[in-house]
>>> print(open('target_32.tsv').read())   # TSV, C-alpha atoms
chain	number	residue	atom	x	y	z
A	141	MET	CA	-21.97	11.58	4.24
A	142	PRO	CA	-20.29	8.31	3.33
A	143	SER	CA	-16.65	8.13	2.28
A	144	SER	CA	-17.48	7.76	-1.39
A	145	ALA	CA	-19.04	11.21	-1.44
A	146	ARG	CA	-15.52	12.59	-1.75
A	147	ARG	CA	-15.11	11.04	-5.18
A	148	ALA	CA	-18.62	12.16	-6.05
A	149	ALA	CA	-17.76	15.73	-5.25
A	150	ILE	CA	-14.56	15.90	-7.26
A	151	ALA	CA	-15.25	13.62	-10.73
A	152	GLY	CA	0.29	10.32	10.54
A	153	VAL	CA	1.09	10.57	13.55
A	154	SER	CA	3.57	8.25	15.30
A	155	SER	CA	1.93	5.65	17.52
A	156	VAL	CA	3.77	7.05	20.54
A	157	ILE	CA	1.81	10.29	20.31
A	158	THR	CA	-0.89	10.80	22.90
A	159	LEU	CA	-3.73	13.06	21.86
A	160	VAL	CA	-4.10	16.06	24.12
A	161	SER	CA	-6.79	18.66	24.40
A	162	ILE	CA	-6.98	21.19	21.58
A	163	THR	CA	-6.82	24.86	22.41
A	164	ALA	CA	-7.98	27.35	19.81
A	165	CYS	CA	-6.02	30.49	19.11
A	166	GLY	CA	-5.39	33.02	16.36
A	167	GLY	CA	-8.97	34.10	15.88
A	168	GLY	CA	-10.29	30.56	16.02
A	169	SER	CA	-8.51	29.41	12.89
A	170	THR	CA	-5.52	27.61	14.45
A	171	ALA	CA	-5.17	24.96	17.12
A	172	SER	CA	-2.09	23.20	18.45
A	173	THR	CA	-1.17	20.10	20.41
A	174	GLY	CA	1.57	19.17	22.81
A	175	SER	CA	5.22	20.02	22.37
A	176	ALA	CA	7.97	18.79	20.08
A	177	ASP	CA	10.80	20.15	22.27
A	178	LYS	CA	12.02	16.79	23.54
A	179	LEU	CA	11.84	14.75	20.35
A	180	PRO	CA	15.05	12.78	19.74
A	181	ALA	CA	16.75	13.28	16.40
A	182	ALA	CA	16.23	10.71	13.68
A	183	PRO	CA	19.22	8.69	12.43
A	184	ALA	CA	21.36	10.36	9.76
A	185	ALA	CA	19.72	8.36	6.95
A	186	GLN	CA	16.36	9.86	7.93
A	187	ARG	CA	17.51	13.40	8.65
A	188	LEU	CA	15.89	15.57	5.99
A	189	ALA	CA	17.16	18.98	7.12
A	190	GLY	CA	19.43	20.61	4.56
A	191	VAL	CA	18.28	18.48	1.62
A	192	CYS	CA	14.51	18.98	1.75
A	193	PRO	CA	12.38	22.12	2.07
A	194	LYS	CA	12.03	23.32	5.66
A	195	THR	CA	8.35	22.44	5.35
A	196	ILE	CA	7.37	19.57	3.05
A	197	VAL	CA	3.92	20.50	1.79
A	198	VAL	CA	1.63	17.66	0.70
A	199	GLN	CA	-1.60	18.42	-1.16
A	200	VAL	CA	-4.05	15.55	-0.84
A	201	ASP	CA	-7.16	15.14	-2.94
A	202	TRP	CA	-9.73	15.09	-0.14
A	203	GLU	CA	-10.48	15.27	3.55
A	204	PRO	CA	-8.50	13.32	6.17
A	205	GLU	CA	-9.13	9.57	5.83
A	206	ALA	CA	-7.32	6.29	6.38
A	207	GLU	CA	-6.22	6.00	2.75
A	208	HIS	CA	-3.87	8.88	3.59
A	209	GLY	CA	-2.78	7.26	6.86
A	210	PRO	CA	0.92	6.88	5.95
A	211	LEU	CA	1.04	10.66	5.47
A	212	TYR	CA	-0.77	11.64	8.67
A	213	ARG	CA	1.39	9.24	10.63
A	214	LEU	CA	4.38	11.45	9.82
A	215	VAL	CA	2.91	14.47	11.63
A	216	GLY	CA	4.58	14.72	15.02
A	217	PRO	CA	3.51	16.17	18.39
A	218	GLY	CA	3.19	19.90	18.71
A	219	TYR	CA	1.34	20.08	15.40
A	220	THR	CA	-0.93	23.00	14.58
A	221	VAL	CA	-4.29	22.83	12.83
A	222	ASP	CA	-5.47	25.66	10.61
A	223	THR	CA	-9.22	25.16	10.58
A	224	ALA	CA	-9.77	28.00	8.12
A	225	LYS	CA	-7.41	26.65	5.42
A	226	LYS	CA	-7.93	22.97	6.39
A	227	ARG	CA	-4.31	22.02	6.92
A	228	VAL	CA	-2.18	20.48	9.63
A	229	THR	CA	1.51	21.32	10.21
A	230	GLY	CA	4.00	19.68	12.52
A	231	PRO	CA	7.46	18.16	12.81
A	232	LEU	CA	8.01	15.31	10.35
A	233	VAL	CA	8.56	12.34	12.62
A	234	VAL	CA	9.56	8.74	11.98
A	235	ASP	CA	9.28	6.24	14.83
A	236	GLY	CA	9.02	9.10	17.31
A	237	LYS	CA	12.17	10.78	16.01
A	238	ASP	CA	12.44	14.22	14.42
A	239	THR	CA	13.74	14.35	10.84
A	240	GLY	CA	14.62	18.05	11.16
A	241	VAL	CA	11.90	19.41	8.85
A	242	ASP	CA	8.18	20.03	9.13
A	243	ILE	CA	5.36	18.46	7.16
A	244	GLN	CA	2.15	20.22	6.20
A	245	ILE	CA	-0.78	18.19	4.87
A	246	ARG	CA	-3.44	20.22	3.07
A	247	ALA	CA	-6.96	18.91	2.57
A	248	GLY	CA	-8.42	18.84	-0.92
A	249	GLY	CA	-12.03	19.03	-2.02
A	250	SER	CA	-13.76	22.19	-0.87
A	251	ALA	CA	-10.49	23.54	0.58
A	252	ILE	CA	-9.13	23.95	-2.97
A	253	GLY	CA	-12.42	24.62	-4.71
A	254	TYR	CA	-12.68	21.01	-5.91
A	255	GLN	CA	-9.76	21.56	-8.28
A	256	SER	CA	-7.59	18.64	-9.32
A	257	VAL	CA	-4.37	18.13	-7.39
A	258	PRO	CA	-2.12	18.74	-10.45
A	259	SER	CA	-3.86	22.06	-11.16
A	260	GLN	CA	-3.36	23.09	-7.54
A	261	MET	CA	0.30	22.06	-7.67
A	262	TYR	CA	0.86	24.39	-10.62
A	263	VAL	CA	-1.06	27.25	-9.02
A	264	ASP	CA	0.85	26.97	-5.73
A	265	LYS	CA	4.52	26.14	-6.18
A	266	SER	CA	5.03	25.79	-2.42
A	267	ILE	CA	3.45	22.32	-2.71
A	268	THR	CA	6.15	19.64	-2.67
A	269	LEU	CA	4.05	16.53	-3.25
A	270	GLY	CA	0.50	15.84	-4.38
A	271	THR	CA	-1.63	12.71	-4.38
A	272	VAL	CA	-2.41	11.98	-8.04
A	273	THR	CA	-4.04	8.84	-9.49
A	274	THR	CA	-2.57	7.52	-12.77
A	275	ASP	CA	-5.54	8.45	-14.96
A	276	VAL	CA	-5.54	11.97	-13.49
A	277	ALA	CA	-1.81	12.26	-14.26
A	278	ILE	CA	-2.53	11.24	-17.86
A	279	THR	CA	-5.27	13.87	-18.07
A	280	ALA	CA	-2.93	16.55	-16.73
A	281	SER	CA	0.13	15.49	-18.76
A	282	ALA	CA	-0.03	18.14	-21.48
A	283	LYS	CA	-0.26	21.27	-19.31
A	284	GLN	CA	0.35	20.20	-15.71
A	285	PRO	CA	2.68	17.19	-15.87
A	286	VAL	CA	3.42	15.32	-12.67
A	287	THR	CA	5.62	12.32	-11.95
A	288	ALA	CA	4.80	9.86	-9.18
A	289	VAL	CA	7.69	8.99	-6.88
A	290	ALA	CA	5.92	6.67	-4.43
A	291	ALA	CA	2.65	4.74	-4.53
A	292	LEU	CA	0.45	5.65	-1.58
A	293	MET	CA	-1.63	2.55	-2.36
A	294	LYS	CA	-0.84	-0.51	-4.46
A	295	LYS	CA	-4.29	-0.71	-6.04
A	296	SER	CA	-7.56	1.18	-6.09
A	297	PRO	CA	-10.14	0.56	-3.35
A	298	GLN	CA	-12.96	1.53	-5.74
A	299	VAL	CA	-15.73	-1.02	-6.25
A	300	LEU	CA	-19.12	-1.61	-7.73
A	301	MET	CA	-21.44	-2.76	-4.94
A	302	TRP	CA	-24.82	-4.45	-4.79
A	303	ASP	CA	-27.38	-5.97	-2.43
A	304	PRO	CA	-26.79	-9.75	-2.18
A	305	ALA	CA	-30.38	-10.37	-1.10
A	306	THR	CA	-31.79	-8.73	-4.23
A	307	HIS	CA	-29.12	-10.17	-6.54
A	308	PRO	CA	-27.94	-13.52	-5.11
A	309	ASP	CA	-26.74	-14.50	-8.59
A	310	TRP	CA	-24.29	-11.58	-8.85
A	311	LYS	CA	-20.74	-12.52	-7.98
A	312	THR	CA	-18.78	-10.17	-10.24
A	313	ILE	CA	-19.09	-6.93	-12.19
A	314	ALA	CA	-19.55	-9.02	-15.33
A	315	ASP	CA	-22.71	-10.45	-13.75
A	316	ILE	CA	-24.06	-6.91	-13.34
A	317	GLY	CA	-23.39	-6.36	-17.04
A	318	LYS	CA	-25.48	-9.39	-17.95
A	319	SER	CA	-28.52	-7.70	-16.40
A	320	ASN	CA	-30.26	-4.45	-17.25
A	321	ALA	CA	-29.79	-2.98	-13.78
A	322	LYS	CA	-28.73	0.64	-13.54
A	323	ILE	CA	-25.21	1.37	-12.33
A	324	VAL	CA	-25.21	4.61	-10.35
A	325	TYR	CA	-21.84	6.36	-10.50
A	326	VAL	CA	-20.23	9.78	-10.79
A	327	ASP	CA	-20.57	11.05	-14.33
A	328	GLY	CA	-17.22	11.32	-16.08
A	329	SER	CA	-15.45	8.63	-14.05
A	330	THR	CA	-12.81	7.01	-16.24
A	331	TYR	CA	-13.42	3.53	-14.89
A	332	ALA	CA	-16.97	3.52	-16.30
A	333	SER	CA	-15.68	4.11	-19.83
A	334	MET	CA	-13.16	1.33	-19.26
A	335	LEU	CA	-15.84	-1.15	-18.16
A	336	VAL	CA	-17.93	-0.35	-21.24
A	337	ALA	CA	-14.90	-0.63	-23.55
A	338	LYS	CA	-14.08	-4.03	-22.07
A	339	GLY	CA	-17.63	-5.22	-22.61
A	340	LEU	CA	-18.15	-5.86	-18.91
A	341	ILE	CA	-21.17	-3.56	-18.69
A	342	LYS	CA	-23.48	-1.85	-21.17
A	343	LYS	CA	-23.41	1.90	-21.73
A	344	SER	CA	-27.21	1.90	-21.34
A	345	GLN	CA	-26.77	0.78	-17.73
A	346	LEU	CA	-24.81	3.86	-16.68
A	347	ASP	CA	-26.55	6.44	-14.52
A	348	GLY	CA	-24.17	9.29	-13.68
A	349	SER	CA	-26.30	10.86	-10.94
A	350	TYR	CA	-24.51	9.49	-7.88
A	351	ASP	CA	-24.26	12.12	-5.12
A	352	GLY	CA	-22.58	10.08	-2.40
A	353	ALA	CA	-25.72	9.65	-0.29
A	354	PRO	CA	-27.07	6.16	0.57
A	355	ALA	CA	-30.74	7.07	0.09
A	356	ARG	CA	-31.12	5.78	-3.46
A	357	PHE	CA	-29.47	2.45	-2.80
A	358	VAL	CA	-31.54	1.98	0.34
A	359	SER	CA	-34.80	2.76	-1.46
A	360	ASN	CA	-33.92	0.81	-4.62
A	361	PRO	CA	-31.58	-2.11	-3.85
A	362	GLY	CA	-32.00	-3.38	-7.39
A	363	ILE	CA	-29.31	-0.97	-8.60
A	364	ALA	CA	-25.55	-1.35	-8.55
A	365	GLN	CA	-23.58	1.58	-7.17
A	366	GLN	CA	-20.03	2.81	-7.01
A	367	GLY	CA	-18.27	2.70	-3.68
A	368	PHE	CA	-15.04	1.90	-1.89
A	369	ALA	CA	-14.02	-1.34	-0.25
A	370	THR	CA	-12.52	0.76	2.53
A	371	ALA	CA	-15.79	2.46	3.45
A	372	GLU	CA	-19.18	1.24	2.23
A	373	PRO	CA	-19.05	-2.32	3.62
A	374	TYR	CA	-18.62	-0.86	7.11
A	375	ILE	CA	-20.78	2.22	6.72
A	376	TYR	CA	-23.81	0.45	5.27
A	377	GLN	CA	-23.71	-2.34	7.84
A	378	HIS	CA	-22.98	-0.21	10.89
A	379	GLU	CA	-23.83	3.44	10.25
A	380	VAL	CA	-26.69	3.64	7.71
A	381	SER	CA	-29.64	3.12	10.04
A	382	ALA	CA	-32.06	2.31	7.21
A	383	TRP	CA	-29.82	-0.53	5.95
A	384	LYS	CA	-27.74	-2.20	8.70
A	385	LYS	CA	-26.86	-5.32	6.71
A	386	PRO	CA	-24.04	-6.54	4.48
A	387	ILE	CA	-23.39	-5.52	0.90
A	388	LYS	CA	-21.37	-7.33	-1.75
A	389	TYR	CA	-18.84	-5.82	-4.16
A	390	GLN	CA	-16.00	-6.41	-6.57
A	391	LEU	CA	-12.87	-4.31	-6.74
A	392	LEU	CA	-12.45	-2.42	-10.01
A	393	ALA	CA	-8.75	-3.27	-9.73
A	394	ASP	CA	-9.72	-6.90	-10.34
A	395	VAL	CA	-11.23	-6.10	-13.75
A	396	GLY	CA	-8.61	-3.84	-15.29
A	397	PHE	CA	-8.69	-0.57	-13.33
A	398	ASN	CA	-4.93	-0.88	-12.90
A	399	VAL	CA	-4.13	2.68	-11.84
A	400	TYR	CA	-1.98	3.59	-8.87
A	401	PRO	CA	-4.42	5.59	-6.74
A	402	GLU	CA	-3.32	8.87	-5.20
A	403	ALA	CA	0.36	8.26	-5.91
A	404	LEU	CA	2.70	10.78	-4.29
A	405	SER	CA	3.82	12.99	-7.16
A	406	VAL	CA	5.99	16.02	-7.89
A	407	ARG	CA	5.89	18.47	-10.77
A	408	SER	CA	7.74	16.63	-13.54
A	409	GLY	CA	10.17	19.48	-14.15
A	410	GLU	CA	11.34	19.32	-10.53
A	411	VAL	CA	12.25	15.63	-10.28
A	412	LYS	CA	15.94	16.44	-10.79
A	413	SER	CA	16.11	19.43	-8.44
A	414	LEU	CA	14.24	17.55	-5.69
A	415	SER	CA	16.31	14.41	-6.18
A	416	PRO	CA	18.57	14.88	-3.10
A	417	CYS	CA	15.46	15.31	-0.96
A	418	LEU	CA	13.50	12.48	-2.55
A	419	LYS	CA	16.34	10.00	-2.06
A	420	LYS	CA	15.86	10.41	1.69
A	421	LEU	CA	12.19	11.32	1.84
A	422	VAL	CA	10.70	8.45	-0.20
A	423	PRO	CA	12.14	5.72	2.08
A	424	VAL	CA	10.74	7.67	5.04
A	425	LEU	CA	7.32	7.60	3.37
A	426	GLN	CA	7.71	3.88	2.70
A	427	GLN	CA	8.55	3.18	6.33
A	428	SER	CA	5.56	5.21	7.47
A	429	ALA	CA	3.33	3.05	5.28
A	430	VAL	CA	4.78	-0.09	6.88
A	431	ASP	CA	4.27	1.36	10.36
A	432	PHE	CA	0.71	2.49	9.61
A	433	ALA	CA	-0.21	-0.95	8.30
A	434	ALA	CA	1.13	-2.53	11.50
A	435	GLU	CA	-0.43	-0.09	13.95
A	436	PRO	CA	-2.96	2.41	12.58
A	437	SER	CA	-4.94	3.27	15.73
A	438	ALA	CA	-3.13	6.46	16.84
A	439	THR	CA	-3.18	7.84	13.30
A	440	VAL	CA	-6.87	7.01	12.88
A	441	LYS	CA	-7.62	8.99	16.04
A	442	VAL	CA	-5.78	12.00	14.64
A	443	ILE	CA	-7.61	11.69	11.31
A	444	SER	CA	-10.95	11.60	13.12
A	445	ASP	CA	-9.93	14.61	15.20
A	446	LEU	CA	-8.93	16.61	12.12
A	447	VAL	CA	-12.23	15.80	10.42
A	448	GLN	CA	-14.09	17.20	13.40
A	449	GLN	CA	-11.92	20.32	13.58
A	450	TYR	CA	-12.19	21.06	9.86
A	451	ASN	CA	-15.99	20.79	10.15
A	452	THR	CA	-16.65	20.85	6.40
A	453	GLY	CA	-19.65	18.52	6.43
A	454	TRP	CA	-17.43	15.52	5.69
A	455	VAL	CA	-18.32	12.72	8.12
A	456	TYR	CA	-15.67	10.10	8.83
A	457	SER	CA	-15.97	8.09	12.01
A	458	GLU	CA	-13.14	6.48	13.91
A	459	GLY	CA	-14.90	3.17	13.26
A	460	THR	CA	-14.76	3.73	9.51
A	461	GLY	CA	-11.08	4.68	9.73
A	462	THR	CA	-10.23	1.59	11.76
A	463	PHE	CA	-12.09	-0.64	9.31
A	464	ALA	CA	-10.43	1.06	6.33
A	465	ALA	CA	-6.93	0.62	7.72
A	466	LYS	CA	-7.46	-3.11	8.28
A	467	GLN	CA	-9.28	-3.56	4.98
A	468	MET	CA	-6.46	-1.97	3.00
A	469	VAL	CA	-4.00	-4.54	4.29
A	470	LYS	CA	-6.46	-7.44	4.02
A	471	LEU	CA	-7.25	-6.72	0.36
A	472	GLY	CA	-3.70	-5.77	-0.65
A	473	ILE	CA	-4.66	-2.16	-1.30
A	474	LEU	CA	-1.80	-1.22	1.00
A	475	GLY	CA	0.89	-3.79	0.38
A	476	ASN	CA	4.10	-4.80	-1.32
A	477	GLU	CA	4.60	-4.68	-5.06
A	478	SER	CA	6.03	-7.67	-6.94
A	479	ASP	CA	9.57	-6.63	-5.98
A	480	GLY	CA	8.71	-7.06	-2.29
A	481	SER	CA	8.79	-3.36	-1.42
A	482	ILE	CA	5.99	-1.02	-0.45
A	483	GLY	CA	5.41	2.21	-2.35
A	484	SER	CA	7.12	1.00	-5.52
A	485	PHE	CA	5.73	0.84	-9.07
A	486	ASP	CA	5.47	-2.01	-11.52
A	487	MET	CA	6.50	0.00	-14.58
A	488	LYS	CA	4.95	-2.58	-16.94
A	489	ARG	CA	1.68	-1.96	-15.15
A	490	VAL	CA	2.11	1.81	-15.52
A	491	ALA	CA	2.70	1.31	-19.26
A	492	SER	CA	-0.41	-0.87	-19.44
A	493	ALA	CA	-2.45	1.81	-17.67
A	494	LEU	CA	-1.24	4.37	-20.21
A	495	LYS	CA	-2.33	2.09	-23.04
A	496	THR	CA	-5.76	1.59	-21.46
A	497	PHE	CA	-6.57	5.08	-20.26
A	498	THR	CA	-4.91	7.43	-22.77
A	499	PRO	CA	-7.56	6.84	-25.44
A	500	LEU	CA	-10.34	7.04	-22.86
A	501	VAL	CA	-8.99	10.35	-21.54
A	502	GLU	CA	-8.72	11.69	-25.09
A	503	GLN	CA	-12.28	10.59	-25.83
A	504	SER	CA	-13.39	12.70	-22.86
A	505	GLY	CA	-11.92	15.77	-24.59
A	506	ALA	CA	-8.68	16.15	-22.63
A	507	LYS	CA	-5.38	16.65	-24.45
A	508	VAL	CA	-2.71	14.11	-23.52
A	509	LYS	CA	1.01	14.84	-23.94
A	510	PRO	CA	2.16	13.31	-27.25
A	511	ASP	CA	4.23	10.13	-26.84
A	512	LEU	CA	3.60	10.01	-23.08
A	513	THR	CA	5.63	7.21	-21.51
A	514	ALA	CA	5.51	5.29	-18.24
A	515	LYS	CA	8.71	7.07	-17.14
A	516	ASP	CA	6.95	10.41	-17.58
A	517	VAL	CA	4.20	9.34	-15.18
A	518	ALA	CA	6.12	7.41	-12.51
A	519	THR	CA	9.63	6.57	-11.35
A	520	ASP	CA	11.10	3.98	-9.00
A	521	GLU	CA	14.37	5.92	-8.77
A	522	PHE	CA	13.94	6.82	-5.10
A	523	ILE	CA	12.42	3.60	-3.77
A	524	ASP	CA	14.28	1.57	-1.16
A	525	THR	CA	13.45	-2.00	-2.20
A	526	SER	CA	14.37	-3.32	1.26
A	527	ILE	CA	11.36	-1.61	2.87
A	528	GLY	CA	8.16	-3.64	2.74
A	529	LEU	CA	5.48	-5.32	4.81
A	530	LYS	CA	6.73	-8.43	6.58
A	531	ARG	CA	4.58	-11.51	6.05
>>> encode(input="target_32.tsv", output="structure tokens")
Amino acid sequence: MPSSARRAAIAGVSSVITLVSITACGGGSTASTGSADKLPAAPAAQRLAGVCPKTIVVQVDWEPEAEHGPLYRLVGPGYTVDTAKKRVTGPLVVDGKDTGVDIQIRAGGSAIGYQSVPSQMYVDKSITLGTVTTDVAITASAKQPVTAVAALMKKSPQVLMWDPATHPDWKTIADIGKSNAKIVYVDGSTYASMLVAKGLIKKSQLDGSYDGAPARFVSNPGIAQQGFATAEPYIYQHEVSAWKKPIKYQLLADVGFNVYPEALSVRSGEVKSLSPCLKKLVPVLQQSAVDFAAEPSATVKVISDLVQQYNTGWVYSEGTGTFAAKQMVKLGILGNESDGSIGSFDMKRVASALKTFTPLVEQSGAKVKPDLTAKDVATDEFIDTSIGLKR
């Protein structure tokens, strides 16, 4: 099942780590690797013990994949894998050094009954951070408010894709809108309403029956289809046996889908109480993003291994993960904001996203918090502006 099936279904390790054989235990639900006994301690600035929870729990929105690479890179040797609950736990490590606390990354999707991350964060208060996209945070703002403290990605990897042989005249999403071709997407996706509102496509073109499988596109290349720049270009050319040729696409981020995807967020009411932890933790997350961008291979191997161990039906090859990691840097999906730091927010952009998506969310029937502001949705308070990709 291609990477984009995750979005259809739902509307980390340091490079010094060597993978070792996995031994099952505990009734087949838990596996562990290696030993963390000899890890050197991290410098004082990166020591999280005493200011952060003993285990920092991160709820992600889907299965292990390269978009979450900066998180999985933090999971150190000696980690355990709970294959029943779909979660991995290990020492939180930066540059091979132990920060003094553990990190647990929990898969989303089927593991949480396809619930949104904010709803899961309010059901289970042991969760420290969740990956929440800006439009999802707007949707949740009235009853399950969350505030983003670090951007896992600078811009969305979502695209509309097409067959260049069938449509050699299509260069942009606007070109799709000039035709009568069907656009196959996941019904209810906010970006579709945005494209219609902007006049880039026609409402009559929308076909909300996308199920994540490549069969329809392969059999009818006249359509346009949703996808991800981090997955479909590789998967369709290398892994879909009935296709095996290039596709073309345009990023939705290039036409106004200005959300921060899967931003690392806390429950809004806990920003103050978690502040001592976040002041140290957020720069650690930033540095992990820098390190993952520079050398993703060890983390991609771990992601692929976790996918196999979880065995949920989600297919994510090491080849796809390697492509995704490189593609994120190439396209600026993982990169510095205008202030030169990674993980930070352009608050004017957050305000613009609120202006764009609040009415669209309300039109869908969701109740948005009255007078919601950019500061409610995101904060740069904990960002270290000196940490960024070096060019």
>>> atom_distance(input="target_32.tsv", atom1="CA of Val517 (chain A)", atom2="CA of Val490 (chain A)")
7.8 Å
>>> closest_residue(input="target_32.tsv", among="A:Ile473, A:Val424, A:Ala433, A:Val399", to="Lys294 (chain A)", atoms="all atoms listed in the file")
A:Ile473
>>> atom_distance(input="target_32.tsv", atom1="CA of Ser344 (chain A)", atom2="CA of Ile313 (chain A)")
15.1 Å
>>> atom_distance(input="target_32.tsv", atom1="CA of Leu471 (chain A)", atom2="CA of Ala403 (chain A)")
17.9 Å
>>> closest_residue(input="target_32.tsv", among="A:Ala182, A:Val215, A:Glu402, A:Pro308", to="Leu269 (chain A)", atoms="only C-alpha atoms")
A:Glu402
>>> residues_around(input="target_32.tsv", residues="Thr274 (chain A)", least_positions_apart="3", cutoff="7 Å", atoms="only C-alpha atoms", output="number ranges by chain")
A: 277-278, 399-401
>>> axis_aligned_box(input="target_32.tsv", around="region 337-350 of chain A", padding_each_side="5 Å", output="JSON")
{"center_x": -20.6, "center_y": 2.5, "center_z": -15.7, "size_x": 23.1, "size_y": 26.7, "size_z": 25.7}
>>> residues_around(input="target_32.tsv", residues="Thr462 (chain A)", least_positions_apart="2", cutoff="9 Å", atoms="only C-alpha atoms", output="PyMOL selection string")
chain A and resi 206+436-437+440-441+457-460+464-467
>>> residues_around(input="target_32.tsv", residues="Ala314 (chain A)", least_positions_apart="5", cutoff="9 Å", atoms="all atoms listed in the file", output="count of residues only")
4
>>> closest_residue(input="target_32.tsv", among="A:Val430, A:Leu179, A:Ala369, A:Ala438", to="Gly475 (chain A)", atoms="all atoms listed in the file")
A:Val430
>>> residues_around(input="target_32.tsv", residues="Tyr331 (chain A)", least_positions_apart="5", cutoff="12 Å", atoms="only C-alpha atoms", output="PyMOL selection string")
chain A and resi 151+274-276+296+298-300+325-326+336-338+340-341+346+366+391-399+493+496-497+500-501
